[in-house]
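Here's protein_19.cif, which has mmCIF, C-alpha atoms:
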```cif
data_data
loop_
_atom_site.label_atom_id
_atom_site.label_comp_id
_atom_site.auth_asym_id
_atom_site.auth_seq_id
_atom_site.Cartn_x
_atom_site.Cartn_y
_atom_site.Cartn_z
CA MET M 81 48.79 -0.70 4.83
CA LEU M 82 51.64 -3.12 4.01
CA GLY M 83 51.92 -3.72 7.76
CA ASP M 84 48.15 -4.38 7.87
CA PHE M 85 48.47 -7.26 5.35
CA LYS M 86 51.41 -8.71 7.29
CA ARG M 87 49.48 -8.47 10.56
CA ALA M 88 46.49 -10.08 8.83
CA ILE M 89 48.71 -12.97 7.74
CA GLN M 90 49.90 -13.51 11.34
CA TYR M 91 46.29 -13.46 12.55
CA HIS M 92 45.12 -15.91 9.85
CA GLU M 93 48.06 -18.24 10.54
CA LEU M 94 47.08 -18.31 14.22
CA ALA M 95 43.43 -18.99 13.28
CA LEU M 96 44.63 -21.80 10.97
CA LYS M 97 46.71 -23.36 13.76
CA ILE M 98 43.73 -23.30 16.17
CA ALA M 99 41.33 -24.69 13.53
CA LYS M 100 43.69 -27.61 12.88
CA GLU M 101 44.14 -28.31 16.62
CA VAL M 102 40.39 -28.49 17.29
CA GLY M 103 39.59 -30.33 14.03
CA ASP M 104 37.49 -27.47 12.61
CA LYS M 105 37.71 -28.24 8.85
CA ALA M 106 35.45 -25.35 7.82
CA GLY M 107 37.57 -22.91 9.90
CA GLU M 108 40.73 -24.39 8.39
CA GLY M 109 39.35 -23.85 4.89
CA TYR M 110 38.41 -20.24 5.54
CA SER M 111 41.85 -19.55 7.07
CA TYR M 112 43.43 -20.82 3.84
CA CYS M 113 41.03 -18.57 1.89
CA ASN M 114 41.94 -15.51 3.99
CA LEU M 115 45.67 -16.23 3.71
CA GLY M 116 45.28 -16.53 -0.07
CA VAL M 117 43.50 -13.17 -0.26
CA ALA M 118 46.21 -11.52 1.89
CA TYR M 119 49.06 -12.91 -0.25
CA ASP M 120 47.18 -11.89 -3.41
CA SER M 121 46.93 -8.33 -2.03
CA LEU M 122 50.70 -8.38 -1.43
CA GLY M 123 51.28 -9.48 -5.04
CA ASP M 124 52.53 -12.97 -4.10
CA PHE M 125 50.24 -14.77 -6.57
CA GLU M 126 52.01 -18.14 -6.45
CA ARG M 127 51.52 -18.47 -2.71
CA ALA M 128 47.96 -17.11 -3.00
CA ILE M 129 47.13 -19.89 -5.50
CA GLN M 130 48.51 -22.57 -3.17
CA TYR M 131 46.26 -21.36 -0.31
CA HIS M 132 43.17 -21.05 -2.51
CA GLU M 133 43.73 -24.61 -3.80
CA ARG M 134 43.82 -25.89 -0.20
CA HIS M 135 40.60 -24.02 0.56
CA LEU M 136 38.99 -25.51 -2.57
CA GLU M 137 40.02 -29.04 -1.53
CA ILE M 138 38.43 -28.64 1.93
CA ALA M 139 35.29 -26.96 0.54
CA LYS M 140 34.75 -29.94 -1.80
CA GLU M 141 35.36 -32.45 1.03
CA GLU M 142 32.87 -30.64 3.26
CA GLY M 143 30.25 -30.18 0.53
CA ASP M 144 30.53 -26.42 1.06
CA GLU M 145 29.26 -25.05 -2.28
CA ALA M 146 29.58 -21.40 -1.27
CA GLY M 147 33.20 -22.00 -0.19
CA GLU M 148 33.90 -23.87 -3.42
CA GLY M 149 32.52 -20.96 -5.47
CA LYS M 150 34.61 -18.49 -3.45
CA SER M 151 37.74 -20.57 -4.10
CA TYR M 152 37.09 -20.64 -7.85
CA CYS M 153 36.58 -16.86 -7.80
CA ASN M 154 39.82 -16.28 -5.86
CA LEU M 155 41.79 -18.68 -8.07
CA GLY M 156 40.45 -16.88 -11.13
CA ASN M 157 41.59 -13.52 -9.75
CA ALA M 158 45.05 -14.86 -8.91
CA TYR M 159 45.52 -16.37 -12.40
CA GLN M 160 44.22 -13.11 -13.92
CA SER M 161 46.89 -11.21 -11.94
CA ARG M 162 49.52 -13.63 -13.23
CA GLY M 163 48.45 -13.00 -16.83
CA ASP M 164 46.96 -16.48 -17.40
CA PHE M 165 43.62 -15.21 -18.72
CA GLU M 166 42.37 -18.49 -20.25
CA ARG M 167 42.69 -20.29 -16.92
CA ALA M 168 41.15 -17.29 -15.11
CA ILE M 169 38.06 -17.61 -17.36
CA GLN M 170 37.72 -21.32 -16.56
CA TYR M 171 37.69 -20.61 -12.81
CA HIS M 172 35.32 -17.63 -13.08
CA GLU M 173 32.86 -19.70 -15.15
CA ARG M 174 32.85 -22.36 -12.40
CA ALA M 175 32.30 -19.65 -9.78
CA LEU M 176 29.43 -18.17 -11.84
CA LYS M 177 27.76 -21.59 -12.19
CA ILE M 178 27.82 -22.14 -8.41
CA ALA M 179 26.64 -18.58 -7.63
CA LYS M 180 23.59 -19.14 -9.86
CA GLU M 181 22.90 -22.57 -8.30
CA VAL M 182 22.94 -21.27 -4.72
CA GLY M 183 21.12 -17.99 -5.58
CA ASP M 184 24.08 -15.77 -4.64
CA LYS M 185 23.31 -12.60 -6.64
CA ALA M 186 26.35 -10.71 -5.31
CA GLY M 187 28.63 -13.62 -6.28
CA GLU M 188 26.96 -13.82 -9.68
CA GLY M 189 27.63 -10.11 -10.25
CA ARG M 190 31.27 -10.46 -9.15
CA SER M 191 31.75 -13.37 -11.56
CA TYR M 192 30.34 -11.33 -14.46
CA GLY M 193 32.77 -8.53 -13.58
CA ASN M 194 35.72 -10.94 -13.33
CA LEU M 195 34.83 -12.60 -16.65
CA GLY M 196 34.59 -9.15 -18.22
CA ASN M 197 38.10 -8.31 -16.99
CA ALA M 198 39.52 -11.56 -18.34
CA TYR M 199 37.91 -11.11 -21.78
CA ASN M 200 39.11 -7.50 -21.80
CA SER M 201 42.67 -8.73 -21.16
CA LEU M 202 42.29 -11.26 -24.02
CA GLY M 203 41.21 -8.46 -26.37
CA ASP M 204 37.53 -9.49 -26.72
CA PHE M 205 36.18 -6.06 -25.74
CA GLU M 206 32.61 -6.58 -26.99
CA LYS M 207 32.19 -9.67 -24.79
CA ALA M 208 33.87 -7.82 -21.90
CA ILE M 209 31.28 -5.02 -22.18
CA GLN M 210 28.39 -7.52 -22.11
CA TYR M 211 29.71 -9.08 -18.89
CA HIS M 212 30.39 -5.71 -17.24
CA GLU M 213 26.88 -4.48 -18.05
CA ARG M 214 25.42 -7.59 -16.36
CA HIS M 215 27.63 -6.93 -13.32
CA LEU M 216 26.57 -3.25 -13.18
CA LYS M 217 22.88 -4.21 -13.42
CA ILE M 218 23.16 -6.59 -10.44
CA ALA M 219 25.23 -4.10 -8.38
CA ARG M 220 22.51 -1.46 -8.84
CA GLU M 221 19.74 -3.95 -7.94
CA LEU M 222 21.57 -4.85 -4.71
CA GLY M 223 22.47 -1.23 -3.84
CA ASP M 224 26.15 -2.25 -3.93
CA LYS M 225 27.88 1.13 -4.42
CA ALA M 226 31.42 -0.33 -4.47
CA GLY M 227 30.33 -2.92 -7.06
CA GLU M 228 28.64 -0.19 -9.10
CA GLY M 229 31.84 1.88 -9.06
CA ASN M 230 33.78 -1.19 -10.11
CA GLY M 231 31.35 -1.81 -12.96
CA TYR M 232 31.75 1.75 -14.26
CA GLY M 233 35.55 1.43 -14.08
CA ASN M 234 35.56 -1.88 -15.95
CA LEU M 235 33.23 -0.53 -18.65
CA GLY M 236 35.57 2.44 -18.97
CA ASN M 237 38.51 0.08 -19.55
CA ALA M 238 36.65 -1.83 -22.26
CA TYR M 239 35.50 1.33 -24.08
CA GLN M 240 39.04 2.66 -23.78
CA ASN M 241 40.34 -0.43 -25.55
CA LEU M 242 37.69 0.01 -28.26
CA GLY M 243 39.07 3.53 -28.82
CA ASP M 244 36.01 5.36 -27.43
CA PHE M 245 38.03 7.60 -25.09
CA GLU M 246 35.25 10.07 -24.37
CA ARG M 247 32.88 7.38 -23.08
CA ALA M 248 35.78 5.70 -21.25
CA THR M 249 36.61 8.95 -19.41
CA GLN M 250 32.94 9.43 -18.38
CA TYR M 251 32.79 5.93 -16.89
CA HIS M 252 36.11 6.34 -15.07
CA GLU M 253 35.00 9.65 -13.56
CA ARG M 254 31.79 7.99 -12.25
CA SER M 255 33.91 5.17 -10.82
CA LEU M 256 36.31 7.63 -9.13
CA LYS M 257 33.40 9.59 -7.58
CA ILE M 258 31.90 6.43 -6.05
CA ALA M 259 35.30 5.12 -4.83
CA LYS M 260 35.86 8.41 -2.95
CA GLU M 261 32.30 8.36 -1.53
CA VAL M 262 32.63 4.82 -0.11
CA GLY M 263 36.29 5.22 0.97
CA ASP M 264 37.51 2.53 -1.44
CA LYS M 265 41.22 3.42 -1.75
CA ALA M 266 42.00 0.53 -4.12
CA GLY M 267 39.09 1.58 -6.36
CA GLU M 268 40.26 5.20 -6.22
CA GLY M 269 43.75 4.14 -7.28
CA GLY M 270 42.34 2.03 -10.11
CA SER M 271 40.29 5.00 -11.35
CA TYR M 272 43.36 7.27 -11.35
CA CYS M 273 45.22 4.61 -13.33
CA SER M 274 42.42 4.28 -15.89
CA LEU M 275 41.95 8.05 -16.26
CA GLY M 276 45.69 8.36 -16.81
CA ILE M 277 45.55 5.79 -19.61
CA ALA M 278 42.51 7.53 -21.17
CA TYR M 279 44.22 10.96 -21.19
CA ASP M 280 47.44 9.38 -22.51
CA SER M 281 45.45 7.90 -25.42
CA GLN M 282 44.04 11.37 -26.17
CA GLY M 283 47.55 12.88 -26.22
CA ASP M 284 47.21 14.81 -22.95
CA PHE M 285 50.42 13.36 -21.45
CA GLU M 286 50.85 15.95 -18.68
CA ARG M 287 47.41 15.16 -17.23
CA ALA M 288 48.05 11.43 -17.72
CA ILE M 289 51.23 11.71 -15.63
CA GLN M 290 49.35 13.48 -12.81
CA TYR M 291 46.80 10.64 -12.63
CA HIS M 292 49.47 7.92 -12.78
CA GLU M 293 51.37 9.63 -9.94
CA SER M 294 48.17 9.66 -7.84
CA HIS M 295 47.77 5.92 -8.56
CA LEU M 296 51.41 5.28 -7.62
CA LYS M 297 51.00 7.13 -4.30
CA ILE M 298 47.93 5.07 -3.32
CA SER M 299 49.56 1.79 -4.42
CA LYS M 300 52.63 2.47 -2.26
CA GLU M 301 50.49 3.42 0.75
CA ALA M 302 48.47 0.19 0.36
CA GLY M 303 51.53 -2.04 -0.17
CA ASP M 304 50.03 -3.00 -3.54
CA LYS M 305 53.10 -4.16 -5.48
CA ALA M 306 51.14 -5.06 -8.63
CA GLY M 307 49.53 -1.58 -8.67
CA GLU M 308 52.90 0.06 -8.07
CA GLY M 309 54.38 -1.85 -11.02
CA LYS M 310 51.46 -0.86 -13.23
CA SER M 311 51.94 2.82 -12.27
CA TYR M 312 55.64 2.70 -13.18
CA CYS M 313 54.77 1.08 -16.51
CA ASN M 314 52.14 3.73 -17.33
CA LEU M 315 54.45 6.58 -16.28
CA GLY M 316 57.13 5.11 -18.56
CA ILE M 317 54.70 5.06 -21.49
CA ALA M 318 53.62 8.68 -20.87
CA TYR M 319 57.24 9.94 -20.59
CA ARG M 320 58.24 8.09 -23.78
CA ARG M 321 55.34 9.71 -25.62
CA LEU M 322 56.53 13.10 -24.27
CA GLY M 323 59.97 12.32 -25.73
CA ASP M 324 61.73 11.85 -22.36
CA PHE M 325 63.19 8.42 -23.23
CA GLU M 326 65.73 8.26 -20.38
CA ARG M 327 63.04 8.75 -17.74
CA ALA M 328 60.76 6.29 -19.58
CA ILE M 329 63.49 3.62 -19.32
CA GLN M 330 63.92 4.24 -15.58
CA TYR M 331 60.18 3.69 -14.98
CA HIS M 332 59.97 0.60 -17.19
CA GLU M 333 62.96 -0.93 -15.40
CA ARG M 334 61.22 -0.40 -12.03
CA ALA M 335 58.03 -1.93 -13.45
CA LEU M 336 59.95 -4.91 -14.84
CA LYS M 337 61.61 -5.55 -11.47
CA ILE M 338 58.20 -5.68 -9.73
CA ASP M 339 56.64 -7.87 -12.45
CA LYS M 340 59.43 -10.41 -11.89
CA GLU M 341 58.99 -10.24 -8.10
CA VAL M 342 55.22 -10.86 -8.24
CA GLY M 343 55.37 -13.42 -11.06
CA ASP M 344 53.35 -11.34 -13.57
CA LYS M 345 54.56 -12.83 -16.88
CA ASP M 346 52.16 -10.75 -18.97
CA GLY M 347 53.43 -7.52 -17.35
CA GLU M 348 57.04 -8.68 -17.70
CA GLY M 349 56.54 -9.23 -21.44
CA LYS M 350 54.88 -5.84 -21.88
CA ASN M 351 57.74 -4.07 -20.11
CA TYR M 352 60.34 -5.79 -22.29
CA CYS M 353 58.33 -4.45 -25.25
CA ASN M 354 58.19 -0.96 -23.69
CA LEU M 355 61.92 -0.98 -23.01
CA GLY M 356 62.51 -2.10 -26.59
CA ASN M 357 60.42 0.83 -27.85
CA ALA M 358 62.28 3.32 -25.62
CA TYR M 359 65.73 2.11 -26.71
CA HIS M 360 64.57 2.19 -30.34
CA SER M 361 63.52 5.84 -29.84
CA LEU M 362 67.01 6.54 -28.45
CA GLY M 363 68.59 4.93 -31.52
CA ASP M 364 70.05 1.97 -29.58
CA PHE M 365 68.67 -0.61 -32.03
CA GLU M 366 70.75 -3.52 -30.81
CA ARG M 367 69.44 -3.27 -27.26
CA ALA M 368 65.93 -2.63 -28.61
CA ILE M 369 66.06 -5.93 -30.52
CA GLN M 370 67.21 -7.82 -27.40
CA TYR M 371 64.21 -6.55 -25.42
CA HIS M 372 61.73 -7.23 -28.22
CA GLU M 373 63.06 -10.80 -28.51
CA ARG M 374 62.44 -11.32 -24.77
CA HIS M 375 58.92 -9.94 -25.20
CA LEU M 376 58.28 -12.28 -28.16
CA LYS M 377 59.49 -15.30 -26.15
CA ILE M 378 57.03 -14.54 -23.28
CA ALA M 379 54.19 -13.77 -25.73
CA LYS M 380 54.67 -17.22 -27.29
CA GLU M 381 54.75 -18.89 -23.86
CA LEU M 382 51.47 -17.17 -22.89
CA GLY M 383 49.84 -17.77 -26.28
CA ASP M 384 49.44 -14.00 -26.74
CA LYS M 385 48.83 -13.68 -30.49
CA ALA M 386 48.52 -9.87 -30.30
CA GLY M 387 51.87 -9.68 -28.48
CA GLU M 388 53.50 -11.94 -31.07
CA GLY M 389 52.21 -9.76 -33.90
#
```

Show the structure stored in the file as structure tokens.
Amino acid sequence: MLGDFKRAIQYHELALKIAKEVGDKAGEGYSYCNLGVAYDSLGDFERAIQYHERHLEIAKEEGDEAGEGKSYCNLGNAYQSRGDFERAIQYHERALKIAKEVGDKAGEGRSYGNLGNAYNSLGDFEKAIQYHERHLKIARELGDKAGEGNGYGNLGNAYQNLGDFERATQYHERSLKIAKEVGDKAGEGGSYCSLGIAYDSQGDFERAIQYHESHLKISKEAGDKAGEGKSYCNLGIAYRRLGDFERAIQYHERALKIDKEVGDKDGEGKNYCNLGNAYHSLGDFERAIQYHERHLKIAKELGDKAGEG
């Protein structure tokens, strides 16, 4: 799958070159959009943002409202992946406004889902649930099975964060079932990840590890660096809770390395915190303090009040 993204990039670069040569501005814009999506899938969020901004510029010049809305959506997703949730919300609200104006129900549903994810990441779980329920309603109306599966998964994440693990598990199992039915490997991986977190929260660490390993396998196959990093982080948490601190540290170090590579500051901060917790459990308080200080520094930079606390 990693090769597929790289081949896609070569194809989109060729399409971009041709569009420029023949003066096809719309084609040029969509090539930038496709390149942005490909780099986002590879975890290169900085480059993805640059391409989506070029697409946005052309869409505005051409009066292409649908393209403009798509750019806002893609920019929101890229900033979400980077851990800049406030900016992600701004872009998703712009995308939602345009989707409503042009009568794009699918785009409207996607925007509700994206806003739900951003509010979930900011810790406003009640608002996240409201947005995810709107997304789920539209997905069902449109017969969009992948969107429906996504909606269930996102609701599961929000209920998980509210501490309702039983309801979270039910939603994640519905999401996993649909992802398998429609052949959505990324959705399947996301469901494994979420089920792992749910079982970890309930103290079933062995089952949590099995799900996180399934997520890791799919992420590697897909060349999804961000997903791979998330899997390592979650495996580290599960092993620390099992009391295997050495193995926990190994996983958190792998996760930290990937977070730095893909520019995920939020993930980087969380892994410094996780490493601090693991070293504290080992009795290495000096090293634990060093990691917690790094976490605090990033939390302040990102305006993460929960992280600072």

What's the 12 Å shell around Arg374 (chain M), counting all atoms listed in the file, without same-chain residues fewer than 2 positions away, as an MDAnalysis selection string? chainID M and resid 345:346 348:356 367:372 376:381 387:388

Same residues, C-alpha atoms, output as a PDB file, in the coordinates of the input:
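Listed below is the output, result.pdb:
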```
ATOM      1  CA  LYS M 345      54.560 -12.830 -16.880  1.00  0.00           C
ATOM      2  CA  ASP M 346      52.160 -10.750 -18.970  1.00  0.00           C
ATOM      3  CA  GLU M 348      57.040  -8.680 -17.700  1.00  0.00           C
ATOM      4  CA  GLY M 349      56.540  -9.230 -21.440  1.00  0.00           C
ATOM      5  CA  LYS M 350      54.880  -5.840 -21.880  1.00  0.00           C
ATOM      6  CA  ASN M 351      57.740  -4.070 -20.110  1.00  0.00           C
ATOM      7  CA  TYR M 352      60.340  -5.790 -22.290  1.00  0.00           C
ATOM      8  CA  CYS M 353      58.330  -4.450 -25.250  1.00  0.00           C
ATOM      9  CA  ASN M 354      58.190  -0.960 -23.690  1.00  0.00           C
ATOM     10  CA  LEU M 355      61.920  -0.980 -23.010  1.00  0.00           C
ATOM     11  CA  GLY M 356      62.510  -2.100 -26.590  1.00  0.00           C
ATOM     12  CA  ARG M 367      69.440  -3.270 -27.260  1.00  0.00           C
ATOM     13  CA  ALA M 368      65.930  -2.630 -28.610  1.00  0.00           C
ATOM     14  CA  ILE M 369      66.060  -5.930 -30.520  1.00  0.00           C
ATOM     15  CA  GLN M 370      67.210  -7.820 -27.400  1.00  0.00           C
ATOM     16  CA  TYR M 371      64.210  -6.550 -25.420  1.00  0.00           C
ATOM     17  CA  HIS M 372      61.730  -7.230 -28.220  1.00  0.00           C
ATOM     18  CA  LEU M 376      58.280 -12.280 -28.160  1.00  0.00           C
ATOM     19  CA  LYS M 377      59.490 -15.300 -26.150  1.00  0.00           C
ATOM     20  CA  ILE M 378      57.030 -14.540 -23.280  1.00  0.00           C
ATOM     21  CA  ALA M 379      54.190 -13.770 -25.730  1.00  0.00           C
ATOM     22  CA  LYS M 380      54.670 -17.220 -27.290  1.00  0.00           C
ATOM     23  CA  GLU M 381      54.750 -18.890 -23.860  1.00  0.00           C
ATOM     24  CA  GLY M 387      51.870  -9.680 -28.480  1.00  0.00           C
ATOM     25  CA  GLU M 388      53.500 -11.940 -31.070  1.00  0.00           C
TER      26      GLU M 388
END
```

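The environment of Asn230 (chain M) within 10 Å, counting only C-alpha atoms and disregarding residues fewer than 2 places along the same chain, consists of Arg190, Gly193, His212, His215, Leu216, Ala219, Asp224, Lys225, Ala226, Gly227, Glu228, Tyr232, Gly233, Asn234, Leu235, Gly236, Tyr251, His252, Arg254, Ser255, Leu256, Ile258, Ala259, Gly267, Glu268, Gly270 and Ser271 of chain M.
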
Hey, what's within 10 Å of Gly243 (chain M) if we count only C-alpha atoms and toss same-chain stuff fewer than 5 positions away? As a PyMOL selection string, please? chain M and resi 237-238+248+278+281-282

Between M:Asp104, M:Arg220, M:His132, M:Asp339, which has the minimum distance to Lys185 (chain M) (counting only C-alpha atoms)? M:Arg220

Report the centre and edge lengths, in Å to one decimal, of an axis-aligned box enclosing every atom of region 239-246 of chain M listed in the file, padded by 5 Å on each side, as lines of an AutoDock Vina configuration file.
```
center_x = 37.8
center_y = 4.8
center_z = -26.3
size_x = 15.1
size_y = 20.5
size_z = 15.0
```

I'd like the contact shell of Leu115 (chain M) - 8 Å cut-off, only C-alpha atoms, skipping same-chain residues fewer than 2 positions apart - returned as a PyMOL selection string. chain M and resi 89+92-93+111-113+117-119+128+131

Residue members of the PyMOL selection byres ((chain M and resi 307-318) around 8) in the file shown, as a PyMOL selection string: chain M and resi 273+276-277+280+285+288-289+292-293+295-296+299-300+304-306+319-322+327-332+334-336+338-339+351+354

Taking the file above as input, evaluate the PyMOL selection byres ((chain M and resi 146-156) around 8) and report the hits as a PyMOL selection string. chain M and resi 110+113+116-117+129+132-133+135-136+139-140+144-145+157-160+167-172+174-176+178-179+182+191+194

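Nearest residue to Ser274 (chain M), choosing from M:Phe165, M:Tyr211, M:Phe365, M:Phe245 and counting all atoms listed in the file: M:Phe245.
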
Report, in Å with one decimal, the straight-line distance from CA of Ser294 (chain M) to CA of Glu126 (chain M).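 Between CA of Ser294 (chain M) and CA of Glu126 (chain M) the gap works out to 28.1 Å.
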
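Taking CA of Glu166 (chain M) and CA of Tyr199 (chain M) as endpoints, the distance between them is 8.8 Å.
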
Would you mind reading off the distance between CA of Ala208 (chain M) and CA of Asp244 (chain M), one decimal, in Å?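 If I compute the distance from CA of Ala208 (chain M) to CA of Asp244 (chain M), I get 14.5 Å.
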
Find the residues near region 340-344 of chain M: any atom within 6 Å, counting only C-alpha atoms, skip ones fewer than 2 places away on the same chain, and give them as a PyMOL selection string. chain M and resi 123-124+162+337-338+346-347

Store the residues of this selection in a file with C-alpha atoms, as a tab-separated table (two decimals), in the frame of the given file.
```
chain	number	residue	atom	x	y	z
M	123	GLY	CA	51.28	-9.48	-5.04
M	124	ASP	CA	52.53	-12.97	-4.10
M	162	ARG	CA	49.52	-13.63	-13.23
M	337	LYS	CA	61.61	-5.55	-11.47
M	338	ILE	CA	58.20	-5.68	-9.73
M	346	ASP	CA	52.16	-10.75	-18.97
M	347	GLY	CA	53.43	-7.52	-17.35
```

My list of candidates is M:Gln240, M:Glu173, M:Ala186, M:Gln130. Which is closest to Glu221 (chain M) when distances are computed with only C-alpha atoms? M:Ala186
